[in-house]
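A.B. asks: Shown below is the structure under consideration.
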Amino acid sequence: MDQTGQNIIDAAMELVVERGYTATTTKDIAKRAGVNECTIFRKFKGKKEIVLQAMAQRRWHPDLEPEDFMVETGDLTEDLCRFAHIYMKKVTPEFVKLSLGLRTPELVEDTREGILAIPLVFKTSVAEYFKKMHEKGILLSDDYENMAMMFLSLNFGFVFFKASFGSGLTEMEADAYIVKMVDAFVHGVVR
């Protein structure tokens, strides 16, 4: 990708974060990227292709991987705090706004799988971790899927509300939230 193409991608995605996909026009993208609108159509078939190429780039797609959750100490609180920190570092409010901006009828079939991949990696990895902890006798339940969904929801919910309302709902920062959330979660699932 040459610099002009990258500038177009970055401009388009910034606008999607701010306005959503439908409200973002190629004219707006051209203005933000500092190019003529014709340049967009020389480089890309249209707005949809720009977005799909962007979703493959690390800047515009969190690089959450199963390997992020492989390191474990066996200390439930320590491990879950680390998992939550990794999640919130990579699944930022900007990414949440972007994923919401991409949920439009014109894109849903093309973007759904890419957007779903992130929570799926987290849920699957955490479920595997819970299975190991149950086998070690640390967890009460063997309902790994349900516990992983609850833990995912607790993490995503915080990022979603920060993306949606900033500090309007709570002044609490991510680090403080993680400590309190993990403490409450752990007390509900340990033997």
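By convention in this document, the chains of the structure tokens carry letters A, B, ... by their order, each chain's residues are numbered from 1, and ligands are numbered from 1 in the order they are shown.
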With only C-alpha atoms as the counted atoms, please give the residues lying no more than 8 Å from Leu52 (chain A), apart from itself and same-chain residues fewer than 3 positions off, as a list in words.
C.D. replies: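 Residues near the query, excluding close chain neighbours: Lys48, Glu49, Met55, Ala56, Asp110 and Thr111 of chain A.
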A.B. asks: With N, CA and C atoms kept, could you save the residues just selected as a PDB file, in the first residue's frame?
C.D. replies:
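Written file, selection34.pdb:
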```
ATOM      1  N   LYS A  48     -16.654   0.945   0.378  1.00  0.00           N
ATOM      2  CA  LYS A  48     -16.695  -0.391   0.970  1.00  0.00           C
ATOM      3  C   LYS A  48     -15.336  -1.086   0.863  1.00  0.00           C
ATOM      4  N   GLU A  49     -14.686  -0.994  -0.279  1.00  0.00           N
ATOM      5  CA  GLU A  49     -13.367  -1.626  -0.427  1.00  0.00           C
ATOM      6  C   GLU A  49     -12.338  -0.989   0.502  1.00  0.00           C
ATOM      7  N   MET A  55      -9.772  -3.138   7.543  1.00  0.00           N
ATOM      8  CA  MET A  55     -10.021  -4.129   8.590  1.00  0.00           C
ATOM      9  C   MET A  55      -8.933  -5.189   8.672  1.00  0.00           C
ATOM     10  N   ALA A  56      -8.162  -5.326   7.616  1.00  0.00           N
ATOM     11  CA  ALA A  56      -7.051  -6.284   7.631  1.00  0.00           C
ATOM     12  C   ALA A  56      -5.789  -5.675   8.239  1.00  0.00           C
ATOM     13  N   ASP A 110     -20.069  -8.418   5.210  1.00  0.00           N
ATOM     14  CA  ASP A 110     -18.625  -8.393   4.961  1.00  0.00           C
ATOM     15  C   ASP A 110     -17.796  -8.141   6.208  1.00  0.00           C
ATOM     16  N   THR A 111     -18.366  -7.493   7.208  1.00  0.00           N
ATOM     17  CA  THR A 111     -17.582  -7.119   8.394  1.00  0.00           C
ATOM     18  C   THR A 111     -17.899  -7.957   9.627  1.00  0.00           C
TER      19      THR A 111
END
```
A.B. asks: Env of region 101-108 of chain A: 6 Å cut, atoms = only C-alpha atoms, seq-sep filter 3 positions within chain, self excluded. Answer as a PDB file with all heavy atoms, in the first residue's frame.
C.D. replies:
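selection.pdb, freshly written:
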```pdb
ATOM      1  N   VAL A  16     -15.376   7.072   9.878  1.00  0.00           N
ATOM      2  CA  VAL A  16     -16.334   6.052  10.312  1.00  0.00           C
ATOM      3  C   VAL A  16     -16.427   6.049  11.833  1.00  0.00           C
ATOM      4  O   VAL A  16     -17.521   5.924  12.391  1.00  0.00           O
ATOM      5  CB  VAL A  16     -15.963   4.658   9.753  1.00  0.00           C
ATOM      6  CG1 VAL A  16     -16.790   3.569  10.414  1.00  0.00           C
ATOM      7  CG2 VAL A  16     -16.145   4.614   8.241  1.00  0.00           C
ATOM      8  N   GLY A  20     -19.833   7.163  11.583  1.00  0.00           N
ATOM      9  CA  GLY A  20     -20.447   5.938  11.093  1.00  0.00           C
ATOM     10  C   GLY A  20     -20.228   5.810   9.595  1.00  0.00           C
ATOM     11  O   GLY A  20     -19.894   6.787   8.912  1.00  0.00           O
ATOM     12  N   TYR A  21     -20.419   4.618   9.099  1.00  0.00           N
ATOM     13  CA  TYR A  21     -20.155   4.326   7.683  1.00  0.00           C
ATOM     14  C   TYR A  21     -21.103   5.075   6.761  1.00  0.00           C
ATOM     15  O   TYR A  21     -20.682   5.705   5.793  1.00  0.00           O
ATOM     16  CB  TYR A  21     -20.271   2.814   7.445  1.00  0.00           C
ATOM     17  CG  TYR A  21     -20.067   2.402   6.014  1.00  0.00           C
ATOM     18  CD1 TYR A  21     -18.781   2.270   5.503  1.00  0.00           C
ATOM     19  CD2 TYR A  21     -21.142   2.142   5.172  1.00  0.00           C
ATOM     20  CE1 TYR A  21     -18.564   1.888   4.188  1.00  0.00           C
ATOM     21  CE2 TYR A  21     -20.949   1.764   3.858  1.00  0.00           C
ATOM     22  CZ  TYR A  21     -19.660   1.635   3.364  1.00  0.00           C
ATOM     23  OH  TYR A  21     -19.451   1.262   2.055  1.00  0.00           O
ATOM     24  N   LEU A  98     -15.562   2.220  16.116  1.00  0.00           N
ATOM     25  CA  LEU A  98     -15.404   1.785  14.733  1.00  0.00           C
ATOM     26  C   LEU A  98     -16.299   0.587  14.438  1.00  0.00           C
ATOM     27  O   LEU A  98     -17.013   0.565  13.429  1.00  0.00           O
ATOM     28  CB  LEU A  98     -13.943   1.427  14.451  1.00  0.00           C
ATOM     29  CG  LEU A  98     -13.648   0.904  13.047  1.00  0.00           C
ATOM     30  CD1 LEU A  98     -14.011   1.936  11.996  1.00  0.00           C
ATOM     31  CD2 LEU A  98     -12.188   0.503  12.933  1.00  0.00           C
ATOM     32  N   THR A 111     -18.366  -7.493   7.208  1.00  0.00           N
ATOM     33  CA  THR A 111     -17.582  -7.119   8.394  1.00  0.00           C
ATOM     34  C   THR A 111     -17.899  -7.957   9.627  1.00  0.00           C
ATOM     35  O   THR A 111     -17.109  -7.974  10.574  1.00  0.00           O
ATOM     36  CB  THR A 111     -17.805  -5.635   8.745  1.00  0.00           C
ATOM     37  OG1 THR A 111     -19.193  -5.417   9.009  1.00  0.00           O
ATOM     38  CG2 THR A 111     -17.319  -4.728   7.627  1.00  0.00           C
ATOM     39  N   ARG A 112     -19.025  -8.643   9.632  1.00  0.00           N
ATOM     40  CA  ARG A 112     -19.467  -9.381  10.813  1.00  0.00           C
ATOM     41  C   ARG A 112     -18.405 -10.348  11.320  1.00  0.00           C
ATOM     42  O   ARG A 112     -18.078 -10.372  12.506  1.00  0.00           O
ATOM     43  CB  ARG A 112     -20.762 -10.131  10.509  1.00  0.00           C
ATOM     44  CG  ARG A 112     -21.343 -10.860  11.694  1.00  0.00           C
ATOM     45  CD  ARG A 112     -22.629 -11.608  11.302  1.00  0.00           C
ATOM     46  NE  ARG A 112     -23.244 -12.215  12.440  1.00  0.00           N
ATOM     47  CZ  ARG A 112     -22.850 -13.353  12.999  1.00  0.00           C
ATOM     48  NH1 ARG A 112     -21.835 -14.006  12.510  1.00  0.00           N
ATOM     49  NH2 ARG A 112     -23.476 -13.842  14.045  1.00  0.00           N
TER      50      ARG A 112
END
```
A.B. asks: Name all residues at most 12 Å from region 124-128 of chain A (count only C-alpha atoms; drop same-chain ones fewer than 6 positions away) and give them as a VMD selection string.
C.D. replies: chain A and resid 64 to 72 76 79 to 84 87 117 to 118 134 to 135 139 141 to 152 155
A.B. asks: Restricting the calculation to only C-alpha atoms: of A:Lys43, A:Thr77, A:Glu109, A:Tyr129, which residue gets closest to Ala184 (chain A)?
C.D. replies: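 Smallest separation from Ala184 (chain A) among the options: A:Thr77.
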A.B. asks: Check the smallest atom-to-atom distance from each of A:Val189, A:Val96, A:Ile9, A:Val91 to Ala54 (chain A) using only C-alpha atoms, then report the winner.
C.D. replies: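 Among A:Val189, A:Val96, A:Ile9, A:Val91, it is A:Ile9 that comes nearest to Ala54 (chain A).
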A.B. asks: Work out how far apart CA of Thr170 (chain A) and CA of Gly157 (chain A) are and give it in Å to one decimal.
C.D. replies: 12.3 Å
A.B. asks: In Å, rounded to a single decimal, give me how far CA of Asp10 (chain A) is from CA of Ala30 (chain A).
C.D. replies: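 Here the two named atoms are 10.9 Å from each other.
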A.B. asks: What does the structure give for the distance between CA of Phe156 (chain A) and CA of Lys132 (chain A), in Å to one decimal?
C.D. replies: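 Those two atoms sit 23.1 Å apart.
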